[in-house]
>>> print(open('upload_31.txt').read())   # compact mmCIF, C-alpha atoms
# COMPACT_ATOMS: atom_id res chain seq x y z
CA MET A 267 60.99 -15.92 -70.32
CA GLU A 268 58.58 -15.16 -67.46
CA ASN A 269 59.49 -18.34 -65.56
CA LYS A 270 63.14 -17.33 -65.60
CA ILE A 271 62.62 -13.93 -64.00
CA LEU A 272 62.62 -15.31 -60.46
CA GLY A 273 65.68 -17.46 -61.14
CA TYR A 274 67.42 -14.35 -62.47
CA VAL A 275 66.42 -12.32 -59.40
CA ASP A 276 67.79 -14.86 -56.93
CA GLY A 277 70.83 -15.73 -59.04
CA ARG A 278 69.88 -19.35 -59.72
CA LEU A 279 70.10 -19.24 -63.51
CA LYS A 280 72.86 -21.02 -65.39
CA GLU A 281 75.40 -18.75 -67.04
CA GLY A 282 73.88 -19.14 -70.50
CA GLU A 283 70.36 -18.47 -69.23
CA ARG A 284 71.52 -15.43 -67.29
CA LEU A 285 73.18 -13.88 -70.35
CA GLU A 286 70.06 -14.61 -72.39
CA MET A 287 67.89 -12.92 -69.77
CA GLU A 288 70.13 -9.85 -69.62
CA LYS A 289 69.96 -9.54 -73.38
CA HIS A 290 66.15 -9.76 -73.16
CA LEU A 291 65.95 -7.18 -70.39
CA VAL A 292 67.70 -4.59 -72.56
CA THR A 293 64.78 -4.63 -74.99
CA CYS A 294 61.82 -5.54 -72.69
CA ALA A 295 60.71 -2.79 -70.33
CA ALA A 296 57.89 -4.89 -68.84
CA CYS A 297 60.31 -7.63 -67.74
CA ARG A 298 62.68 -4.98 -66.34
CA VAL A 299 59.85 -3.64 -64.19
CA ARG A 300 58.97 -7.18 -63.11
CA VAL A 301 62.57 -7.92 -62.13
CA ASN A 302 62.68 -4.82 -59.95
CA GLU A 303 59.34 -5.66 -58.33
CA PHE A 304 60.35 -9.25 -57.61
CA ARG A 305 63.56 -7.96 -56.05
CA ALA A 306 61.50 -5.65 -53.84
CA VAL A 307 59.21 -8.58 -52.83
CA ASN A 308 62.29 -10.65 -51.99
CA VAL A 309 63.59 -7.89 -49.73
CA LEU A 310 60.20 -7.60 -48.02
CA LEU A 311 60.10 -11.36 -47.37
CA ASP A 312 63.41 -11.01 -45.50
CA GLU A 313 61.60 -8.87 -42.94
CA LEU A 314 59.43 -11.73 -41.74
CA PRO A 315 60.44 -12.52 -38.15
CA THR A 316 61.47 -15.97 -36.97
CA ILE A 317 60.49 -17.90 -33.84
CA GLU A 318 62.61 -19.99 -31.51
CA PRO A 319 61.68 -23.54 -30.49
CA SER A 320 60.10 -23.65 -27.05
CA ALA A 321 62.17 -24.90 -24.13
CA ALA A 322 59.99 -27.98 -23.84
CA PHE A 323 60.45 -29.02 -27.46
CA ASP A 324 63.65 -31.03 -27.03
CA VAL A 325 62.51 -32.59 -23.75
CA ARG A 326 59.23 -33.69 -25.27
CA LEU A 327 60.89 -35.13 -28.33
CA GLN A 328 63.54 -36.98 -26.30
CA ALA A 329 60.78 -38.54 -24.20
CA ARG A 330 58.93 -39.62 -27.33
CA VAL A 331 62.08 -41.08 -28.86
CA ALA A 332 62.84 -42.95 -25.62
CA ALA A 333 59.32 -44.38 -25.65
CA GLU A 334 59.77 -45.74 -29.17
CA PRO A 335 59.99 -49.54 -29.17
CA ALA A 336 63.35 -50.94 -30.23
CA LYS A 337 63.06 -52.17 -33.79
CA GLN A 338 64.20 -55.78 -34.42
CA SER A 339 65.67 -56.93 -37.68
CA TRP A 340 63.95 -59.76 -39.58
CA TRP A 341 66.47 -62.40 -38.53
CA ALA A 342 65.86 -61.61 -34.87
CA TRP A 343 62.58 -63.44 -35.30
CA PHE A 344 64.55 -66.69 -35.44
CA ALA A 345 66.51 -66.01 -32.28
CA PRO A 346 64.43 -67.53 -29.45
CA SER A 347 64.13 -65.85 -26.09
CA PRO A 348 65.80 -67.66 -23.12
CA ARG A 349 62.40 -68.58 -21.64
CA VAL A 350 61.16 -70.11 -24.87
CA ALA A 351 64.45 -71.98 -25.35
CA PHE A 352 64.28 -73.38 -21.79
CA ALA A 353 60.66 -74.51 -22.22
CA ALA A 354 61.43 -76.14 -25.58
CA SER A 355 64.45 -78.01 -24.21
CA MET A 356 62.44 -79.24 -21.18
CA LEU A 357 59.69 -80.50 -23.50
CA LEU A 358 62.27 -82.31 -25.63
CA LEU A 359 63.84 -83.93 -22.54
CA ALA A 360 60.44 -85.09 -21.30
CA THR A 361 59.60 -86.57 -24.70
CA VAL A 362 62.93 -88.45 -24.87
CA TRP A 363 62.51 -89.74 -21.31
CA LEU A 364 58.97 -90.97 -21.90
CA GLY A 365 59.99 -92.54 -25.19
CA SER A 366 62.90 -94.40 -23.64
CA ARG A 367 60.76 -96.06 -20.86
CA PRO A 368 59.69 -99.75 -21.45
CA PRO A 369 55.91 -100.17 -21.80
CA ASP A 370 54.26 -101.19 -18.50
CA PHE A 371 51.29 -103.60 -18.92
CA SER A 372 51.11 -104.83 -15.30
CA LEU A 373 47.76 -104.38 -13.55
CA SER A 374 47.15 -103.49 -9.95
CA ALA A 375 44.88 -105.59 -7.67
CA ALA A 376 42.15 -102.95 -7.82
CA ASP A 377 42.20 -103.05 -11.66
CA VAL A 378 41.79 -106.86 -11.59
CA ASP A 379 38.82 -106.58 -9.14
CA ASN A 380 37.12 -104.04 -11.40
CA ILE A 381 37.54 -106.25 -14.44
CA ASN A 382 36.10 -109.25 -12.59
CA GLN A 383 33.04 -107.25 -11.46
CA ASN A 384 32.34 -106.04 -15.01
CA MET A 385 32.96 -109.44 -16.53
CA SER A 386 29.54 -110.81 -15.46
CA VAL A 387 27.77 -107.93 -17.21
CA LEU A 388 29.67 -108.66 -20.39
CA GLU A 389 28.82 -112.35 -20.17
CA ASN A 390 25.07 -111.55 -19.74
CA TYR A 391 25.18 -109.28 -22.75
CA ASP A 392 26.75 -112.03 -24.90
CA VAL A 393 24.06 -114.50 -23.84
CA ILE A 394 21.13 -112.15 -24.48
CA SER A 395 22.37 -110.95 -27.87
CA ASP A 396 22.79 -114.52 -29.15
CA PHE A 397 19.65 -116.01 -27.46
CA ALA A 398 17.90 -117.89 -30.36
CA PRO A 399 14.33 -118.08 -28.94
CA LEU A 400 14.13 -114.30 -28.91
CA SER A 401 14.42 -114.19 -32.71
CA GLU A 402 11.33 -116.37 -33.06
CA LEU A 403 9.06 -113.87 -31.30
CA PRO A 404 6.47 -112.03 -33.57
CA GLN A 405 7.50 -108.65 -34.90
CA PRO A 406 6.21 -105.66 -32.84
CA VAL A 407 2.91 -104.19 -34.15
CA GLN A 408 3.11 -100.67 -35.63
CA ALA A 409 0.69 -97.91 -34.41
CA ASP A 410 -0.87 -97.39 -37.93
CA GLU A 411 -1.64 -101.07 -38.26
CA VAL A 412 -3.48 -101.03 -34.90
CA GLY A 413 -5.66 -98.11 -36.07
CA GLU A 414 -6.61 -99.86 -39.35
CA THR A 415 -7.59 -103.04 -37.46
CA ASN A 416 -9.90 -101.09 -35.16
CA GLN A 417 -11.64 -99.36 -38.09
CA SER A 418 -12.33 -102.63 -39.92
CA GLN A 419 -13.81 -104.11 -36.74
CA GLN A 420 -16.18 -101.13 -36.34
CA MET A 421 -17.40 -101.53 -39.92
CA MET B 63 84.95 -31.44 -39.48
CA ALA B 64 81.16 -31.59 -39.16
CA ARG B 65 79.56 -34.79 -40.40
CA SER B 66 77.14 -34.46 -43.30
CA ASP B 67 73.41 -34.99 -42.78
CA VAL B 68 73.56 -38.27 -44.66
CA GLN B 69 76.48 -39.50 -42.53
CA LEU B 70 74.64 -38.55 -39.36
CA MET B 71 71.54 -40.39 -40.55
CA LEU B 72 73.62 -43.47 -41.40
CA ASP B 73 75.10 -43.31 -37.91
CA VAL B 74 71.57 -43.13 -36.45
CA LYS B 75 70.74 -46.20 -38.54
CA ALA B 76 73.76 -47.93 -36.98
CA GLY B 77 72.32 -47.19 -33.52
CA ASP B 78 74.07 -43.92 -32.61
CA GLU B 79 71.43 -41.90 -30.73
CA GLN B 80 73.79 -38.96 -30.37
CA SER B 81 73.76 -38.42 -34.13
CA PHE B 82 69.99 -38.10 -34.02
CA ALA B 83 70.35 -35.39 -31.37
CA LEU B 84 72.78 -33.56 -33.69
CA LEU B 85 70.33 -33.75 -36.60
CA LEU B 86 67.59 -32.48 -34.32
CA HIS B 87 69.78 -29.59 -33.19
CA ARG B 88 70.65 -28.76 -36.80
CA TYR B 89 67.10 -28.77 -38.20
CA ARG B 90 64.58 -28.10 -35.45
CA ARG B 91 64.69 -24.29 -35.86
CA PRO B 92 64.32 -24.13 -39.67
CA LEU B 93 61.72 -26.88 -39.53
CA ILE B 94 59.62 -25.21 -36.82
CA ASN B 95 59.78 -21.87 -38.66
CA PHE B 96 58.76 -23.49 -41.95
CA LEU B 97 55.83 -25.22 -40.26
CA TYR B 98 54.90 -22.08 -38.33
CA ARG B 99 54.71 -20.09 -41.57
CA MET B 100 52.63 -22.85 -43.10
CA VAL B 101 50.08 -23.37 -40.31
CA ARG B 102 50.31 -20.00 -38.49
CA ASN B 103 50.08 -21.57 -35.06
CA ARG B 104 53.09 -22.08 -32.85
CA GLU B 105 51.81 -25.07 -30.87
CA GLN B 106 50.61 -26.81 -33.97
CA ALA B 107 53.93 -26.11 -35.71
CA GLU B 108 55.86 -27.67 -32.81
CA ASP B 109 53.55 -30.70 -32.74
CA LEU B 110 54.06 -31.20 -36.45
CA ALA B 111 57.84 -30.78 -36.10
CA GLN B 112 57.80 -33.45 -33.38
CA GLU B 113 55.92 -35.74 -35.73
CA VAL B 114 58.45 -35.11 -38.51
CA PHE B 115 61.40 -36.04 -36.27
CA ILE B 116 59.62 -39.10 -34.90
CA ARG B 117 58.94 -40.30 -38.44
CA VAL B 118 62.59 -39.77 -39.34
CA TYR B 119 63.62 -41.73 -36.25
CA ARG B 120 61.18 -44.57 -37.00
CA ALA B 121 62.43 -44.80 -40.58
CA ARG B 122 66.12 -45.00 -39.55
CA GLU B 123 66.39 -48.76 -40.15
CA ASP B 124 65.18 -48.41 -43.73
CA TYR B 125 67.08 -45.21 -44.51
CA VAL B 126 68.86 -45.26 -47.87
CA PRO B 127 70.72 -42.08 -48.87
CA SER B 128 69.12 -41.90 -52.31
CA ALA B 129 68.34 -38.17 -52.01
CA LYS B 130 69.53 -35.22 -49.94
CA PHE B 131 68.52 -35.46 -46.31
CA THR B 132 66.83 -32.04 -46.45
CA THR B 133 64.69 -33.17 -49.38
CA TRP B 134 63.46 -36.12 -47.33
CA LEU B 135 62.99 -34.07 -44.16
CA PHE B 136 61.07 -31.24 -45.81
CA ARG B 137 59.03 -33.65 -47.89
CA ILE B 138 57.72 -35.22 -44.68
CA ALA B 139 57.20 -31.76 -43.17
CA THR B 140 55.43 -30.39 -46.25
CA ASN B 141 53.06 -33.35 -46.50
CA LEU B 142 52.17 -33.05 -42.83
CA ALA B 143 51.71 -29.29 -43.09
CA LEU B 144 49.54 -29.50 -46.22
CA ASN B 145 47.34 -32.13 -44.58
CA SER B 146 47.07 -30.03 -41.44
CA VAL B 147 46.20 -26.86 -43.39
CA ARG B 148 43.52 -28.73 -45.35
CA ASP B 149 42.10 -30.25 -42.16
CA THR B 150 41.84 -26.92 -40.37
CA ARG B 151 40.73 -24.85 -43.37
CA TYR B 152 37.06 -25.22 -42.56
CA GLN B 153 37.61 -24.56 -38.86
CA ARG B 154 39.33 -21.31 -39.76
CA MET B 155 36.49 -20.26 -42.01
CA GLU B 156 34.21 -20.43 -39.01
CA ILE B 157 36.31 -18.02 -36.97
CA SER B 158 34.70 -14.60 -36.95
CA LEU B 159 36.64 -11.72 -38.34
CA ASP B 160 35.72 -9.85 -35.18
CA ALA B 161 37.29 -12.45 -32.94
CA PRO B 162 40.07 -11.10 -30.77
CA VAL B 163 43.45 -11.67 -32.36
CA THR B 164 45.64 -14.00 -30.33
CA ALA B 165 49.10 -13.04 -29.27
CA ASP B 166 50.47 -15.94 -31.28
CA ALA B 167 48.99 -14.70 -34.52
CA GLU B 168 50.12 -11.19 -33.87
CA ASP B 169 53.80 -11.81 -33.34
CA GLY B 170 53.51 -12.41 -29.62
CA ASN B 171 56.16 -15.08 -29.93
CA GLU B 172 58.15 -13.56 -32.71
CA LYS B 173 61.24 -11.50 -32.39
CA THR B 174 59.81 -8.01 -32.36
CA MET B 175 61.93 -6.62 -29.57
CA ASP B 176 64.67 -5.55 -31.96
CA VAL B 177 62.17 -3.29 -33.77
CA ALA B 178 61.40 -1.48 -30.56
CA GLU B 179 65.08 -1.09 -29.85
CA LYS B 180 65.83 0.29 -33.30
CA HIS B 181 62.78 2.56 -33.41
CA PRO B 182 61.88 3.94 -30.03
CA ASN B 183 59.33 6.15 -31.74
CA ILE B 184 55.91 4.53 -31.23
CA GLU B 185 54.57 5.68 -34.58
CA GLN B 186 57.52 4.21 -36.42
CA ARG B 187 57.13 1.01 -34.46
CA LEU B 188 53.49 0.77 -35.48
CA ILE B 189 54.46 1.27 -39.12
CA GLU B 190 56.99 -1.56 -38.83
CA GLU B 191 54.43 -3.86 -37.26
CA THR B 192 51.88 -3.04 -39.96
CA ARG B 193 54.47 -3.85 -42.63
CA LYS B 194 55.18 -7.21 -41.05
CA LYS B 195 51.50 -7.96 -40.72
CA MET B 196 50.98 -7.16 -44.40
CA ILE B 197 53.85 -9.42 -45.44
CA ARG B 198 52.61 -12.24 -43.24
CA HIS B 199 49.05 -11.91 -44.49
CA ALA B 200 50.24 -11.84 -48.10
CA ILE B 201 52.04 -15.16 -47.56
CA GLU B 202 49.04 -16.59 -45.70
CA LYS B 203 46.73 -15.75 -48.57
CA LEU B 204 48.73 -17.82 -51.04
CA PRO B 205 47.28 -21.23 -51.93
CA GLU B 206 49.02 -23.78 -49.70
CA LYS B 207 51.16 -25.37 -52.41
CA GLN B 208 52.37 -21.95 -53.62
CA ARG B 209 53.03 -20.99 -50.01
CA ALA B 210 55.10 -24.13 -49.42
CA ALA B 211 57.05 -23.44 -52.63
CA VAL B 212 57.83 -19.85 -51.61
CA LEU B 213 58.86 -20.85 -48.08
CA LEU B 214 61.14 -23.64 -49.29
CA HIS B 215 62.60 -21.41 -51.99
CA LYS B 216 63.02 -18.22 -50.02
CA TYR B 217 63.71 -19.32 -46.43
CA GLN B 218 65.18 -22.81 -46.75
CA GLU B 219 67.09 -21.83 -49.90
CA LEU B 220 66.54 -25.24 -51.44
CA ASP B 221 67.25 -25.59 -55.15
CA TYR B 222 64.54 -26.12 -57.75
CA GLY B 223 65.33 -29.82 -58.04
CA GLU B 224 64.86 -30.41 -54.32
CA ILE B 225 61.67 -28.35 -54.08
CA SER B 226 60.13 -30.09 -57.09
CA LYS B 227 60.84 -33.48 -55.44
CA ILE B 228 59.33 -32.26 -52.17
CA LEU B 229 56.19 -30.97 -53.91
CA ASN B 230 56.08 -33.92 -56.28
CA CYS B 231 56.03 -31.85 -59.48
CA SER B 232 58.33 -31.15 -62.41
CA GLU B 233 60.89 -28.34 -62.29
CA SER B 234 59.06 -26.39 -64.98
CA ALA B 235 55.77 -26.77 -63.05
CA LEU B 236 57.56 -25.51 -59.94
CA LYS B 237 58.91 -22.46 -61.78
CA SER B 238 55.39 -21.62 -62.96
CA LEU B 239 54.09 -22.14 -59.42
CA LEU B 240 56.72 -19.80 -57.97
CA PHE B 241 56.12 -17.20 -60.66
CA ARG B 242 52.40 -17.17 -59.91
CA ALA B 243 53.11 -16.95 -56.17
CA TYR B 244 55.49 -13.99 -56.64
CA GLU B 245 52.96 -12.31 -58.92
CA THR B 246 50.33 -12.60 -56.16
CA LEU B 247 52.80 -11.32 -53.56
CA ARG B 248 53.74 -8.43 -55.84
CA VAL B 249 50.09 -7.39 -56.09
CA GLU B 250 49.34 -7.93 -52.38
CA LEU B 251 52.43 -6.02 -51.32
CA ALA B 252 52.11 -3.34 -53.98
CA PRO B 253 51.95 -0.43 -51.47
CA LEU B 254 55.15 -1.62 -49.80
CA VAL B 255 56.84 -2.37 -53.13
CA ALA B 256 55.96 1.12 -54.35
CA SER B 257 57.21 2.78 -51.15
CA GLY B 258 60.39 0.72 -51.40
CA LYS B 259 60.95 1.97 -54.93
CA GLN B 260 60.39 5.57 -53.90
CA ALA B 261 62.87 5.16 -51.05
>>> encode(input="upload_31.txt", output="structure tokens")
Amino acid sequence: MENKILGYVDGRLKEGERLEMEKHLVTCAACRVRVNEFRAVNVLLDELPTIEPSAAFDVRLQARVAAEPAKQSWWAWFAPSPRVAFAASMLLLATVWLGSRPPDFSLSAADVDNINQNMSVLENYDVISDFAPLSELPQPVQADEVGETNQSQQM
Amino acid sequence: MARSDVQLMLDVKAGDEQSFALLLHRYRRPLINFLYRMVRNREQAEDLAQEVFIRVYRAREDYVPSAKFTTWLFRIATNLALNSVRDTRYQRMEISLDAPVTADAEDGNEKTMDVAEKHPNIEQRLIEETRKKMIRHAIEKLPEKQRAAVLLHKYQELDYGEISKILNCSESALKSLLFRAYETLRVELAPLVASGKQA
């Protein structure tokens, strides 16, 4: 019944509960006292003064709201910006243009001169790598083997 | 006919900034007073109120009217206030009892002029101010969750269902919480309650 006293004081009980409480109050002096005291507390709480928002409150809040970034919906992610769209279309055009050009294998005079100069080096390399007498030369002597030979001579 | 809170919020969601200004106009005063009574500092209360409105504005895109607007608004405010009170609790403990009382804490910003007008007698005015101080201190001494419950119940006149959603507890737990809070207030304000009875 205690938890219903406050509801009874501020008139928030349902009709049935209110009647039940009134019936209880007839026989319970302690609850009657409590009801009166809670009523007195309620009246005292009404005396608490209120404050007004400061003049700067609205201005400050409006500035903060204005500074909030505009929120985009999820599908906006798919909508490209004009700059990105322009760059993408230019890249596509360049790719199509390059792809449509016939392959150009012609060489300039300078390229031919370069090839001729390097040709002799390539020819020398071919000759040296396949030169048969070189394969008949003795294998190079290892450092360990040289040491062992010296020791045996000293003994 | 005035648009409901939910309708205004749906209009904000649709991009109507003017509706947000109307919501702000409708709730800034009760919100600031609720926060002021929670944190007992005007500047802090206004900062927290700003934060509440900014959070409401940021959440506009995702707003779904599943509960009353006031439940949502005061839930944000209560959570912010409870966090703020817990954060500053230890700072307050360090403040000396002998420290000079600021104008803010002593009604410097509150509407006390009407008292002076009604009671030109200085003695009577002092009695009035002492009464107010006692009431304010009694509320301040309540544990923060009980304090929030009393403020939402008494000053915002929210129903039990709304307050229990705001405080994230059952209705029966809320009724017990409020009963305990009123019991504490009854004891703290006993001299005033007794004088009220005699009058």
>>> interface_residues(input="upload_31.txt", of="chain A", to="chain B", cutoff="7 Å", atoms="all atoms listed in the file", output="short mmCIF file (atom, residue, chain, number, x, y, z; two decimals) with C-alpha atoms, keeping the file's coordinate frame")
data_model
loop_
_atom_site.label_atom_id
_atom_site.label_comp_id
_atom_site.auth_asym_id
_atom_site.auth_seq_id
_atom_site.Cartn_x
_atom_site.Cartn_y
_atom_site.Cartn_z
CA ASN A 269 59.49 -18.34 -65.56
CA LEU A 272 62.62 -15.31 -60.46
CA GLU A 303 59.34 -5.66 -58.33
CA PHE A 304 60.35 -9.25 -57.61
CA ALA A 306 61.50 -5.65 -53.84
CA VAL A 307 59.21 -8.58 -52.83
CA LEU A 311 60.10 -11.36 -47.37
CA GLU A 313 61.60 -8.87 -42.94
CA LEU A 314 59.43 -11.73 -41.74
CA PRO A 315 60.44 -12.52 -38.15
CA THR A 316 61.47 -15.97 -36.97
CA ILE A 317 60.49 -17.90 -33.84
CA GLU A 318 62.61 -19.99 -31.51
CA PRO A 319 61.68 -23.54 -30.49
CA LEU A 327 60.89 -35.13 -28.33
CA VAL A 331 62.08 -41.08 -28.86
#
>>> atom_distance(input="upload_31.txt", atom1="atom CA of B:Val126", atom2="atom CA of B:Ile138")
15.3 Å
>>> atom_distance(input="upload_31.txt", atom1="atom CA of A:Asp379", atom2="atom CA of A:Ser395")
25.3 Å
>>> atom_distance(input="upload_31.txt", atom1="atom CA of A:Leu357", atom2="atom CA of A:Ser374")
29.5 Å
>>> closest_residue(input="upload_31.txt", among="A:Leu364, A:Leu359, A:Ile271, A:Leu310", to="A:Glu286", atoms="all atoms listed in the file")
A:Ile271
>>> residues_near_point(input="upload_31.txt", point="(66.5, -38.7, -49.3)", cutoff="12 Å", atoms="all atoms listed in the file", output="NGL selection string")
:B and (67-68 or 71-72 or 118 or 121-122 or 124-138 or 224 or 227-228)
